[in-house]
$ cat entry26.cif   # mmCIF, C-alpha atoms and all ligand atoms
data_run
loop_
_atom_site.label_atom_id
_atom_site.label_comp_id
_atom_site.auth_asym_id
_atom_site.auth_seq_id
_atom_site.Cartn_x
_atom_site.Cartn_y
_atom_site.Cartn_z
CA MET Y 1 -21.32 9.25 -14.71
CA PRO Y 2 -22.79 5.90 -15.85
CA GLU Y 3 -26.56 5.85 -16.23
CA GLY Y 4 -26.65 2.05 -16.18
CA PRO Y 5 -24.63 -0.84 -14.70
CA TRP Y 6 -20.85 -0.39 -14.32
CA THR Y 7 -17.86 -2.49 -13.22
CA GLY Y 8 -14.55 -1.40 -11.74
CA ARG Y 9 -11.53 -3.41 -10.69
CA ALA Y 10 -8.41 -2.40 -8.77
CA PRO Y 11 -5.48 -4.24 -7.17
CA GLY Y 12 -4.05 -4.34 -3.68
CA ARG Y 13 -0.55 -3.06 -3.12
CA VAL Y 14 2.70 -3.75 -1.36
CA ASN Y 15 5.05 -1.02 -0.29
CA LEU Y 16 8.65 -1.92 -1.05
CA ILE Y 17 9.98 0.95 1.05
CA GLY Y 18 9.06 4.44 2.26
CA GLU Y 19 6.85 3.87 5.30
CA HIS Y 20 5.12 6.65 7.24
CA VAL Y 21 6.54 9.33 4.98
CA ASP Y 22 3.74 9.79 2.43
CA TYR Y 23 1.69 12.15 4.62
CA LEU Y 24 4.81 14.29 5.05
CA GLY Y 25 5.24 14.70 1.31
CA GLY Y 26 8.07 12.14 1.12
CA MET Y 27 9.06 9.67 -1.56
CA VAL Y 28 7.58 6.13 -1.52
CA LEU Y 29 8.04 3.01 -3.63
CA PRO Y 30 4.90 0.83 -3.68
CA ALA Y 31 3.78 -1.66 -6.32
CA ALA Y 32 0.32 -2.87 -7.28
CA VAL Y 33 0.00 -6.65 -6.81
CA ASP Y 34 -2.07 -9.42 -8.32
CA ARG Y 35 -4.88 -9.50 -5.76
CA PHE Y 36 -7.98 -7.63 -6.90
CA THR Y 37 -11.27 -6.15 -5.81
CA THR Y 38 -14.09 -5.94 -8.34
CA VAL Y 39 -17.15 -3.79 -7.77
CA THR Y 40 -20.28 -3.66 -9.88
CA GLY Y 41 -22.97 -1.06 -9.43
CA ALA Y 42 -25.95 0.74 -10.88
CA PRO Y 43 -27.81 3.92 -9.95
CA SER Y 44 -30.39 3.31 -7.25
CA GLU Y 45 -32.54 5.10 -4.70
CA ARG Y 46 -30.01 4.78 -1.93
CA TRP Y 47 -26.41 3.72 -1.34
CA SER Y 48 -25.86 0.01 -0.66
CA LEU Y 49 -23.03 -2.51 -0.90
CA VAL Y 50 -23.28 -6.29 -0.85
CA SER Y 51 -20.00 -7.98 0.01
CA GLU Y 52 -18.61 -10.92 1.97
CA VAL Y 53 -16.39 -8.45 3.79
CA PRO Y 54 -18.42 -6.19 6.10
CA GLY Y 55 -17.73 -2.50 6.57
CA GLY Y 56 -17.03 -1.41 2.99
CA LEU Y 57 -20.10 0.78 2.42
CA PRO Y 58 -18.77 4.00 4.03
CA TYR Y 59 -15.66 3.80 1.80
CA ALA Y 60 -17.54 3.03 -1.41
CA ARG Y 61 -20.16 5.67 -0.74
CA ALA Y 62 -17.56 8.31 0.14
CA VAL Y 63 -15.79 7.77 -3.20
CA GLY Y 64 -19.09 8.08 -5.05
CA GLU Y 65 -19.89 11.28 -3.22
CA GLU Y 66 -16.39 12.68 -3.86
CA LEU Y 67 -16.97 12.05 -7.56
CA GLY Y 68 -20.44 13.62 -7.48
CA ALA Y 69 -22.27 10.36 -8.23
CA PRO Y 70 -25.93 9.80 -7.29
CA PRO Y 71 -26.69 6.81 -4.96
CA GLN Y 72 -25.58 3.40 -6.27
CA ALA Y 73 -26.48 -0.20 -5.45
CA MET Y 74 -23.11 -1.99 -5.45
CA GLN Y 75 -21.68 -5.46 -5.05
CA ALA Y 76 -18.01 -6.29 -4.34
CA TRP Y 77 -15.79 -9.36 -4.62
CA SER Y 78 -12.21 -9.41 -3.47
CA ASP Y 79 -9.19 -11.59 -2.91
CA VAL Y 80 -7.32 -8.78 -1.20
CA PRO Y 81 -7.38 -9.98 2.40
CA PRO Y 82 -8.87 -7.25 4.61
CA GLY Y 83 -6.79 -5.71 7.39
CA SER Y 84 -3.61 -7.55 6.54
CA GLY Y 85 -1.52 -4.75 5.05
CA LEU Y 86 -2.24 -5.16 1.32
CA SER Y 87 -4.51 -2.13 1.42
CA SER Y 88 -7.85 -3.70 0.80
CA SER Y 89 -9.32 -0.26 1.42
CA ALA Y 90 -7.45 1.34 -1.49
CA ALA Y 91 -8.45 -1.59 -3.73
CA LEU Y 92 -12.12 -0.99 -2.85
CA LEU Y 93 -11.96 2.80 -3.17
CA VAL Y 94 -10.13 2.77 -6.48
CA SER Y 95 -12.33 0.06 -7.96
CA VAL Y 96 -15.41 2.19 -7.28
CA ALA Y 97 -13.70 5.22 -8.82
CA ALA Y 98 -12.61 3.19 -11.86
CA GLY Y 99 -16.17 1.91 -12.31
CA LEU Y 100 -17.83 5.31 -11.98
CA ARG Y 101 -15.18 7.40 -13.73
CA PRO Y 102 -12.94 5.23 -15.96
CA ASP Y 103 -12.18 8.32 -18.03
CA MET Y 104 -10.69 10.24 -15.13
CA ASP Y 105 -7.01 11.09 -14.77
CA GLY Y 106 -5.51 8.38 -12.54
CA ALA Y 107 -3.76 10.81 -10.18
CA ALA Y 108 -6.95 12.83 -9.74
CA ALA Y 109 -8.87 9.61 -9.04
CA ALA Y 110 -6.27 8.58 -6.43
CA LEU Y 111 -6.60 11.96 -4.69
CA ALA Y 112 -10.40 11.67 -4.65
CA CYS Y 113 -10.03 8.20 -3.10
CA GLN Y 114 -7.65 9.52 -0.45
CA ARG Y 115 -10.15 12.24 0.50
CA ALA Y 116 -12.91 9.63 0.57
CA GLU Y 117 -10.93 7.37 2.91
CA GLN Y 118 -10.13 10.26 5.23
CA ARG Y 119 -13.78 11.23 5.30
CA ALA Y 120 -15.08 7.70 5.79
CA THR Y 121 -12.68 6.78 8.60
CA GLY Y 122 -11.34 9.96 10.19
CA VAL Y 123 -7.82 8.57 9.64
CA GLN Y 124 -5.53 11.11 7.99
CA VAL Y 125 -4.02 8.63 5.54
CA GLY Y 126 -1.47 9.65 2.94
CA VAL Y 127 -1.89 9.09 -0.78
CA MET Y 128 0.46 6.15 -1.36
CA ASP Y 129 -2.02 3.28 -1.38
CA GLN Y 130 -4.52 4.93 -3.69
CA PHE Y 131 -1.77 5.91 -6.14
CA ALA Y 132 -0.42 2.37 -6.19
CA ALA Y 133 -3.89 0.86 -6.80
CA ALA Y 134 -4.57 3.44 -9.52
CA LEU Y 135 -1.23 3.81 -11.29
CA GLY Y 136 0.90 0.75 -10.46
CA ARG Y 137 2.12 -1.21 -13.48
CA ARG Y 138 2.92 -4.88 -14.05
CA GLY Y 139 6.68 -5.48 -13.98
CA HIS Y 140 7.29 -2.23 -12.11
CA ALA Y 141 7.26 -0.41 -8.82
CA LEU Y 142 5.93 3.15 -8.65
CA LEU Y 143 8.33 5.79 -7.36
CA LEU Y 144 6.02 8.52 -6.09
CA ASP Y 145 6.89 11.90 -4.67
CA CYS Y 146 3.95 12.50 -2.33
CA GLY Y 147 4.76 16.22 -2.18
CA THR Y 148 4.68 17.06 -5.89
CA LEU Y 149 2.80 13.87 -6.93
CA GLU Y 150 5.38 13.31 -9.67
CA HIS Y 151 5.83 9.62 -10.29
CA ARG Y 152 7.76 7.26 -12.46
CA LEU Y 153 7.95 3.52 -12.97
CA VAL Y 154 10.99 1.57 -11.83
CA PRO Y 155 11.40 -1.87 -13.45
CA PHE Y 156 10.94 -4.72 -10.98
CA PRO Y 157 12.81 -7.89 -11.94
CA ASP Y 158 10.85 -11.08 -12.70
CA ASP Y 159 13.13 -13.22 -10.59
CA LEU Y 160 12.63 -11.24 -7.40
CA VAL Y 161 9.74 -12.71 -5.41
CA ILE Y 162 7.46 -10.57 -3.26
CA ALA Y 163 6.30 -12.44 -0.16
CA VAL Y 164 3.75 -11.04 2.26
CA ILE Y 165 3.46 -12.70 5.63
CA ASP Y 166 0.18 -12.16 7.45
CA SER Y 167 0.85 -11.49 11.14
CA GLY Y 168 -2.70 -12.52 11.94
CA VAL Y 169 -3.29 -9.20 13.71
CA HIS Y 170 -5.96 -7.67 11.49
CA ARG Y 171 -6.93 -4.17 12.44
CA ARG Y 172 -8.76 -1.17 11.14
CA LEU Y 173 -6.52 1.87 10.90
CA ALA Y 174 -9.07 3.84 12.91
CA ASP Y 175 -8.31 1.55 15.87
CA THR Y 176 -4.55 2.25 15.76
CA PRO Y 177 -2.45 5.26 16.88
CA TYR Y 178 -1.89 6.15 13.17
CA ASN Y 179 -3.13 9.75 13.54
CA GLN Y 180 -1.03 10.17 16.68
CA ARG Y 181 2.14 9.00 14.89
CA ARG Y 182 1.36 11.36 12.04
CA ARG Y 183 1.02 14.31 14.43
CA GLU Y 184 4.28 13.40 16.18
CA ALA Y 185 6.08 13.20 12.86
CA GLU Y 186 4.62 16.54 11.74
CA ARG Y 187 5.66 18.16 15.02
CA GLY Y 188 9.19 16.82 14.50
CA VAL Y 189 9.43 14.71 17.67
CA PRO Y 190 13.14 13.72 17.48
CA ARG Y 191 12.82 9.94 17.26
CA ARG Y 192 10.00 10.13 14.77
CA ARG Y 193 11.99 12.57 12.70
CA ARG Y 194 15.00 10.27 12.79
CA HIS Y 195 12.88 7.55 11.20
CA VAL Y 196 11.50 9.88 8.54
CA GLU Y 197 14.90 11.25 7.54
CA SER Y 198 16.60 7.86 7.46
CA GLU Y 199 13.65 6.27 5.61
CA LEU Y 200 13.74 8.95 2.91
CA ALA Y 201 17.43 8.23 2.33
CA ARG Y 202 16.60 4.52 2.14
CA VAL Y 203 13.91 5.05 -0.50
CA ALA Y 204 16.37 6.85 -2.77
CA ALA Y 205 19.02 4.19 -2.15
CA PHE Y 206 16.53 1.35 -2.72
CA ALA Y 207 15.30 2.75 -6.04
CA ALA Y 208 18.92 3.13 -7.17
CA ALA Y 209 19.81 -0.40 -6.04
CA LEU Y 210 16.73 -1.80 -7.83
CA GLU Y 211 17.78 -0.09 -11.04
CA ALA Y 212 21.39 -1.29 -10.61
CA GLY Y 213 20.36 -4.87 -9.73
CA GLU Y 214 22.16 -4.70 -6.36
CA ARG Y 215 20.18 -7.31 -4.49
CA ASP Y 216 22.20 -7.47 -1.30
CA ARG Y 217 21.75 -3.76 -0.92
CA LEU Y 218 17.96 -4.14 -1.25
CA GLY Y 219 18.01 -6.60 1.62
CA GLU Y 220 20.15 -4.38 3.86
CA LEU Y 221 17.81 -1.46 3.27
CA LEU Y 222 14.73 -3.54 4.15
CA LYS Y 223 16.36 -4.62 7.40
CA ALA Y 224 17.39 -1.07 8.28
CA SER Y 225 13.84 0.11 7.52
CA HIS Y 226 12.41 -2.48 9.89
CA ARG Y 227 14.76 -1.47 12.71
CA SER Y 228 13.82 2.17 12.22
CA LEU Y 229 10.06 1.43 12.19
CA ARG Y 230 10.53 -0.74 15.28
CA ASP Y 231 12.81 1.50 17.36
CA ASP Y 232 12.26 5.07 16.15
CA PHE Y 233 8.73 5.16 14.76
CA GLU Y 234 7.49 2.43 17.13
CA VAL Y 235 4.86 0.87 14.90
CA SER Y 236 5.95 -2.76 15.19
CA THR Y 237 4.89 -5.37 17.72
CA PRO Y 238 6.87 -8.20 19.34
CA ASP Y 239 5.00 -10.78 17.24
CA VAL Y 240 5.80 -8.97 14.02
CA ASP Y 241 9.45 -8.53 15.08
CA ALA Y 242 9.66 -12.29 15.63
CA LEU Y 243 8.25 -12.98 12.14
CA VAL Y 244 10.68 -10.50 10.58
CA GLU Y 245 13.64 -12.11 12.32
CA ARG Y 246 12.51 -15.55 11.25
CA ALA Y 247 12.31 -14.31 7.66
CA TRP Y 248 15.78 -12.72 7.84
CA ALA Y 249 17.25 -16.11 8.77
CA VAL Y 250 15.95 -17.98 5.70
CA SER Y 251 18.48 -18.60 2.95
CA GLY Y 252 17.32 -16.89 -0.25
CA CYS Y 253 15.50 -14.14 1.68
CA LEU Y 254 17.19 -10.84 0.89
CA GLY Y 255 15.46 -8.95 3.67
CA ALA Y 256 12.11 -8.30 5.32
CA ARG Y 257 10.32 -5.58 7.24
CA ILE Y 258 6.98 -4.62 8.71
CA MET Y 259 4.86 -3.13 5.91
CA GLY Y 260 2.14 -0.49 5.75
CA ALA Y 261 0.80 1.33 8.77
CA GLY Y 262 2.06 -1.32 11.19
CA PHE Y 263 0.57 -2.18 14.60
CA GLY Y 264 0.21 -5.76 13.30
CA GLY Y 265 -0.77 -6.20 9.66
CA SER Y 266 1.86 -7.79 7.51
CA VAL Y 267 5.53 -8.31 6.78
CA LEU Y 268 7.08 -7.80 3.36
CA ALA Y 269 10.00 -10.01 2.32
CA LEU Y 270 11.93 -10.15 -0.94
CA LEU Y 271 13.24 -13.54 -2.01
CA ASP Y 272 15.38 -14.96 -4.75
CA ALA Y 273 13.17 -16.94 -7.11
CA GLY Y 274 13.19 -20.58 -6.05
CA ALA Y 275 13.29 -19.87 -2.32
CA GLU Y 276 9.51 -19.84 -1.94
CA THR Y 277 9.02 -23.35 -0.58
CA SER Y 278 11.74 -23.23 2.03
CA PHE Y 279 10.63 -19.73 3.01
CA ALA Y 280 7.03 -20.79 3.60
CA ALA Y 281 8.21 -23.85 5.55
CA ALA Y 282 10.51 -21.75 7.76
CA LEU Y 283 7.66 -19.42 8.62
CA ASP Y 284 6.06 -22.40 10.29
CA GLY Y 285 2.38 -21.88 9.79
CA ALA Y 286 2.22 -18.10 9.39
CA PRO Y 287 0.29 -17.55 6.14
CA VAL Y 288 2.60 -16.41 3.33
CA ARG Y 289 1.25 -14.93 0.09
CA PHE Y 290 3.52 -14.74 -2.93
CA CYS Y 291 2.57 -11.80 -5.11
CA LYS Y 292 3.44 -10.54 -8.55
CA THR Y 293 3.35 -6.92 -9.62
CA ALA Y 294 0.15 -5.99 -11.48
CA ASP Y 295 -1.52 -3.15 -13.35
CA GLY Y 296 -3.36 -0.46 -11.46
CA ALA Y 297 -6.91 0.46 -12.43
CA TYR Y 298 -5.74 3.55 -14.35
CA SER Y 299 -2.32 2.31 -15.39
CA SER Y 300 -2.73 2.96 -19.09
CA SER Y 301 -2.67 6.71 -18.40
CA LEU Y 302 0.99 6.49 -17.30
CA PRO Y 303 3.78 6.48 -19.88
CA LEU Y 304 5.61 3.15 -19.64
CA ARG Y 305 9.24 4.13 -19.62
CA ARG Y 306 9.72 7.54 -18.10
CA GLY Y 307 8.02 9.65 -15.50
CA GLY Y 308 6.31 12.93 -14.97
CA SER Y 309 2.81 13.08 -13.66
CA ALA Y 310 0.14 11.46 -15.74
C1 LIG N 401 -1.24 3.22 5.51
C2 LIG N 401 -1.72 4.53 4.89
C3 LIG N 401 -0.68 5.08 3.93
C4 LIG N 401 0.70 5.16 4.59
C5 LIG N 401 1.05 3.84 5.29
C6 LIG N 401 2.34 3.93 6.08
O1 LIG N 401 -1.13 2.23 4.54
O2 LIG N 401 -2.94 4.33 4.19
O3 LIG N 401 -1.07 6.34 3.45
O4 LIG N 401 0.79 6.25 5.46
O5 LIG N 401 0.01 3.42 6.14
O6 LIG N 401 3.42 4.13 5.24
#
$ encode --input "entry26.cif" --output "structure tokens" --more "lines below"
Ligand code: GLA
Amino acid sequence: MPEGPWTGRAPGRVNLIGEHVDYLGGMVLPAAVDRFTTVTGAPSERWSLVSEVPGGLPYARAVGEELGAPPQAMQAWSDVPPGSGLSSSAALLVSVAAGLRPDMDGAAAALACQRAEQRATGVQVGVMDQFAAALGRRGHALLLDCGTLEHRLVPFPDDLVIAVIDSGVHRRLADTPYNQRRREAERGVPRRRRHVESELARVAAFAAALEAGERDRLGELLKASHRSLRDDFEVSTPDVDALVERAWAVSGCLGARIMGAGFGGSVLALLDAGAETSFAAALDGAPVRFCKTADGAYSSSLPLRRGGSA
């Protein structure tokens, strides 16, 4: 544990596919993206956090406590927009872990961050976001088995553009029926189970299509994922559905879907390179962020080409 000042930095994430399956031990395919949170800190008499974004202290403190750190005075800066689906919480948690314990195994750090988030919020989140922020890699997506925690990198082509549309509905997970959906899925409520089973098949198909360069297939899978999240898992909203349908109609957009926990938040779209301007124009005022894949805070602990846990 640092005895003096420390700095940690971690990215936000997108999830390409595999939604609401991580807490069931399913396979997910997120990627770290080039929006970052940086935290500095130093041991102090009590826990504190100075940040433009309110509400981060319980998260940052919970990570410190998970890692056995004494109280820290911390300061955070971030361009991961809070509440909009890029997992600003994972970026904050993992940046604190990376600052306090840069030597730690990345998977172990991600698990400590997941426990910290659960403790700080009471939301029984899965481990996807923390893994992506810890172990994502530039030029890749991270195929993660949330049951065994085995993971491997899948190359993500340079000429495929990640677009994230902010629905404008910013929410804290604790204010959503996230825990309720999780319980329904665990109990095997038929419609919820139909989403989980079909989504797991889509993750496998998506990873294969990404590796084979089958772009049309990627788009079809995104659309099918959205319909399943909308109709079977019921985590979309009419406003988000309207954004998704607008995105589907743009030439050069392969597909789009609601991303992350849902209940507002953001929409993920994949575009052919060059379609960015017409895409943003067609979205007619809804804020669109174009993202590139980026390195996670612990990415150097993951072998570049093939998998296995780090
Ligand atoms: C949030 C949670 C994740 C995951 C997604 C839905 O982002 O933090 O663990 O469950 O929702 O896929």
$ residues_around --input "entry26.cif" --residues "segment 122-133 of chain Y" --least-positions-apart "5" --cutoff "7 Å" --atoms "all atoms listed in the file" --output "ChimeraX atom specification"
/Y:10-13,22-23,30-32,87,90-91,94,107,110-111,113-114,142,146,173-174,179,296-297
$ atom_distance --input "entry26.cif" --atom1 "atom CA of Ala280 of chain Y" --atom2 "atom CA of Val80 of chain Y"
19.3 Å
$ axis_aligned_box --input "entry26.cif" --around "ligand LIG 401 (chain N)" --padding-each-side "4 Å" --output "lines of an AutoDock Vina configuration file"
center_x = 0.2
center_y = 4.3
center_z = 4.8
size_x = 14.4
size_y = 12.1
size_z = 10.7
$ closest_residue --input "entry26.cif" --among "Y:Asp166, Y:Asp158, Y:Glu66, Y:Glu199" --to "ligand LIG 401 (chain N)" --atoms "all atoms listed in the file"
Y:Glu199
$ residues_around --input "entry26.cif" --residues "segment 235-248 of chain Y" --least-positions-apart "4" --cutoff "10 Å" --atoms "only C-alpha atoms" --output "PyMOL selection string"
chain Y and resi 20+165-169+176-178+181+219+222-223+226-231+252-271+279-280+282-284+286
$ closest_residue --input "entry26.cif" --among "Y:Arg171, Y:His140, Y:Arg35, Y:His195" --to "Leu86 of chain Y" --atoms "all atoms listed in the file"
Y:Arg35
$ atom_distance --input "entry26.cif" --atom1 "atom CA of Gln180 of chain Y" --atom2 "atom CA of Arg194 of chain Y"
16.5 Å
$ closest_residue --input "entry26.cif" --among "Y:Ala60, Y:Met104, Y:Leu160, Y:Ala185" --to "ligand LIG 401 (chain N)" --atoms "all atoms listed in the file"
Y:Ala185
